[in-house]
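Below you'll find the structure, written out as structure tokens, and then a few comments.
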Amino acid sequence: MKQDKSAVHIKPVRIEKRPAFTLAGVSAVTTNEAEQLGNGKIGGLFERFFTENIGGKLGVNIREAGYYGCYFHYRQEEKGPYEIMLSVQVADNSEVQNVEGIQTYTVPEATYAVFVTEKGPIVEKVPQTWAAIWEWQKLSENRRTFTGDFECYAGDMDPANGQVEIYIAME
């Protein structure tokens, strides 16, 4: 993966405290290594999310426009397996009924370092920004909790020329 030199010295655009919120969608377990070697599951999960119109199936339950890529159930922090869910935000404690194969996850209340990708093809800009975040987290003052990180995609975003916010849960 080619590293975007402008992202090497990345800093969050803001620090934000967010209350817990619930997501519903489809998920898979993968690793960063698998994703970088080209045999990961994230691409297929995005394809499934849109091909099966998961957001549309959850329409009556959606609380906020847009969709999320949420990372949780980390084992060995960023070095081991984790679960990723492509999802929409739903009303807290809502019951997602009559939608087979849908899971829910409540992202815990946390303080987040918020990063914004450069504008461009999201399939390139999101991984580039994550690579820069992995470098950023090596600084001792940047301590992640690994309780639930997420990408927030606007509902009307152009995937060919979009911008994504990435929220990293911090101590």
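Ligands are numbered from 1 in the order shown, residues from 1 within each chain, and chains are lettered A, B, ... in the order they appear in the structure tokens.
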
Sorted per-residue table, region 85-125 of chain A near region 39-52 of chain A, closest atoms and distance, 12 Å, only C-alpha atoms, as a tab-separated table:
residue	atom	partner	partner_atom	distance
A:Met85	CA	A:Leu45	CA	8.1
A:Leu86	CA	A:Phe49	CA	6.6
A:Ser87	CA	A:Phe49	CA	7.9
A:Val88	CA	A:Phe49	CA	10.2
A:Val99	CA	A:Glu52	CA	11.2
A:Glu100	CA	A:Glu52	CA	11.2
A:Gly101	CA	A:Glu52	CA	11.0
A:Ile102	CA	A:Phe49	CA	10.5
A:Ile122	CA	A:Gly43	CA	11.7
A:Val123	CA	A:Gly43	CA	8.9
A:Glu124	CA	A:Gly43	CA	11.9

Might you pull out every residue within 9 Å of region 143-155 of chain A, with only C-alpha atoms counted and same-chain residues fewer than 6 positions away left off, and present them as a PyMOL selection string?
chain A and resi 65-74+77-78+106-108+110+112+126+137+162-171

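For the set A:Ile54, A:Leu139, A:Ala160, A:Ala28, the residue with the smallest atom-to-atom gap to His9 (chain A) is A:Leu139, counting only C-alpha atoms.
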
List every residue of region 25-118 of chain A that DSSP, applied to the backbone of this structure, places in helix (DSSP H, G or I), and write the result as a VMD selection string.
chain A and resid 32 to 36 42 to 51 54 to 57 59 to 61 77 to 79

Quick one: write out the picked residues with N, CA, C and O atoms as a short mmCIF file (atom, residue, chain, number, x, y, z; two decimals), in the first residue's frame?
data_model
loop_
_atom_site.label_atom_id
_atom_site.label_comp_id
_atom_site.auth_asym_id
_atom_site.auth_seq_id
_atom_site.Cartn_x
_atom_site.Cartn_y
_atom_site.Cartn_z
N ASN A 32 -5.76 -6.65 10.40
CA ASN A 32 -5.10 -5.66 9.54
C ASN A 32 -4.15 -6.34 8.56
O ASN A 32 -4.05 -5.95 7.40
N GLU A 33 -3.47 -7.39 9.02
CA GLU A 33 -2.55 -8.11 8.15
C GLU A 33 -3.29 -8.71 6.95
O GLU A 33 -2.84 -8.58 5.80
N ALA A 34 -4.42 -9.37 7.20
CA ALA A 34 -5.20 -9.95 6.11
C ALA A 34 -5.65 -8.88 5.13
O ALA A 34 -5.59 -9.06 3.91
N GLU A 35 -6.09 -7.74 5.66
CA GLU A 35 -6.55 -6.65 4.79
C GLU A 35 -5.40 -6.12 3.93
O GLU A 35 -5.58 -5.88 2.74
N GLN A 36 -4.22 -5.96 4.51
CA GLN A 36 -3.07 -5.43 3.77
C GLN A 36 -2.55 -6.42 2.74
O GLN A 36 -2.00 -6.02 1.71
N ILE A 42 -13.11 -6.77 4.49
CA ILE A 42 -13.79 -5.47 4.52
C ILE A 42 -14.42 -5.13 3.18
O ILE A 42 -15.57 -4.69 3.12
N GLY A 43 -13.70 -5.34 2.07
CA GLY A 43 -14.26 -5.04 0.75
C GLY A 43 -15.55 -5.81 0.48
O GLY A 43 -16.54 -5.24 0.02
N GLY A 44 -15.54 -7.09 0.80
CA GLY A 44 -16.73 -7.92 0.61
C GLY A 44 -17.88 -7.49 1.50
O GLY A 44 -19.04 -7.58 1.12
N LEU A 45 -17.54 -7.01 2.70
CA LEU A 45 -18.58 -6.55 3.62
C LEU A 45 -19.26 -5.30 3.07
O LEU A 45 -20.49 -5.17 3.13
N PHE A 46 -18.47 -4.37 2.51
CA PHE A 46 -19.05 -3.18 1.88
C PHE A 46 -19.95 -3.59 0.72
O PHE A 46 -21.06 -3.08 0.58
N GLU A 47 -19.46 -4.52 -0.09
CA GLU A 47 -20.26 -4.99 -1.23
C GLU A 47 -21.59 -5.58 -0.75
O GLU A 47 -22.65 -5.27 -1.29
N ARG A 48 -21.53 -6.41 0.26
CA ARG A 48 -22.75 -7.03 0.80
C ARG A 48 -23.70 -5.97 1.36
O ARG A 48 -24.92 -6.03 1.12
N PHE A 49 -23.16 -5.00 2.10
CA PHE A 49 -23.97 -3.95 2.71
C PHE A 49 -24.80 -3.23 1.65
O PHE A 49 -25.99 -2.99 1.83
N PHE A 50 -24.16 -2.90 0.53
CA PHE A 50 -24.87 -2.15 -0.51
C PHE A 50 -25.67 -3.05 -1.45
O PHE A 50 -26.80 -2.72 -1.81
N THR A 51 -25.14 -4.21 -1.82
CA THR A 51 -25.86 -5.13 -2.70
C THR A 51 -27.16 -5.61 -2.06
O THR A 51 -28.20 -5.68 -2.71
N ILE A 54 -28.76 -3.19 3.00
CA ILE A 54 -28.94 -3.34 4.44
C ILE A 54 -29.56 -2.07 5.04
O ILE A 54 -30.47 -2.15 5.86
N GLY A 55 -29.07 -0.90 4.65
CA GLY A 55 -29.63 0.35 5.16
C GLY A 55 -31.12 0.47 4.85
O GLY A 55 -31.90 0.86 5.70
N GLY A 56 -31.52 0.08 3.64
CA GLY A 56 -32.93 0.14 3.26
C GLY A 56 -33.77 -0.82 4.08
O GLY A 56 -34.89 -0.50 4.48
N LYS A 57 -33.23 -2.01 4.35
CA LYS A 57 -33.97 -2.99 5.15
C LYS A 57 -34.18 -2.51 6.58
O LYS A 57 -35.11 -2.92 7.24
N GLY A 59 -34.59 0.66 7.37
CA GLY A 59 -35.13 2.01 7.23
C GLY A 59 -35.97 2.53 8.37
O GLY A 59 -35.76 3.65 8.84
N VAL A 60 -36.92 1.75 8.87
CA VAL A 60 -37.80 2.24 9.93
C VAL A 60 -37.06 2.41 11.25
O VAL A 60 -37.52 3.12 12.13
N ASN A 61 -35.91 1.77 11.38
CA ASN A 61 -35.15 1.83 12.62
C ASN A 61 -34.04 2.88 12.62
O ASN A 61 -33.45 3.16 13.65
N GLU A 77 -5.25 -5.61 20.42
CA GLU A 77 -5.32 -4.25 19.86
C GLU A 77 -5.33 -4.32 18.34
O GLU A 77 -6.04 -5.13 17.77
N GLU A 78 -4.54 -3.47 17.65
CA GLU A 78 -4.59 -3.45 16.18
C GLU A 78 -3.81 -4.61 15.55
O GLU A 78 -3.88 -4.82 14.35
N LYS A 79 -3.09 -5.39 16.35
CA LYS A 79 -2.25 -6.46 15.82
C LYS A 79 -3.01 -7.77 15.58
O LYS A 79 -2.57 -8.62 14.82
#
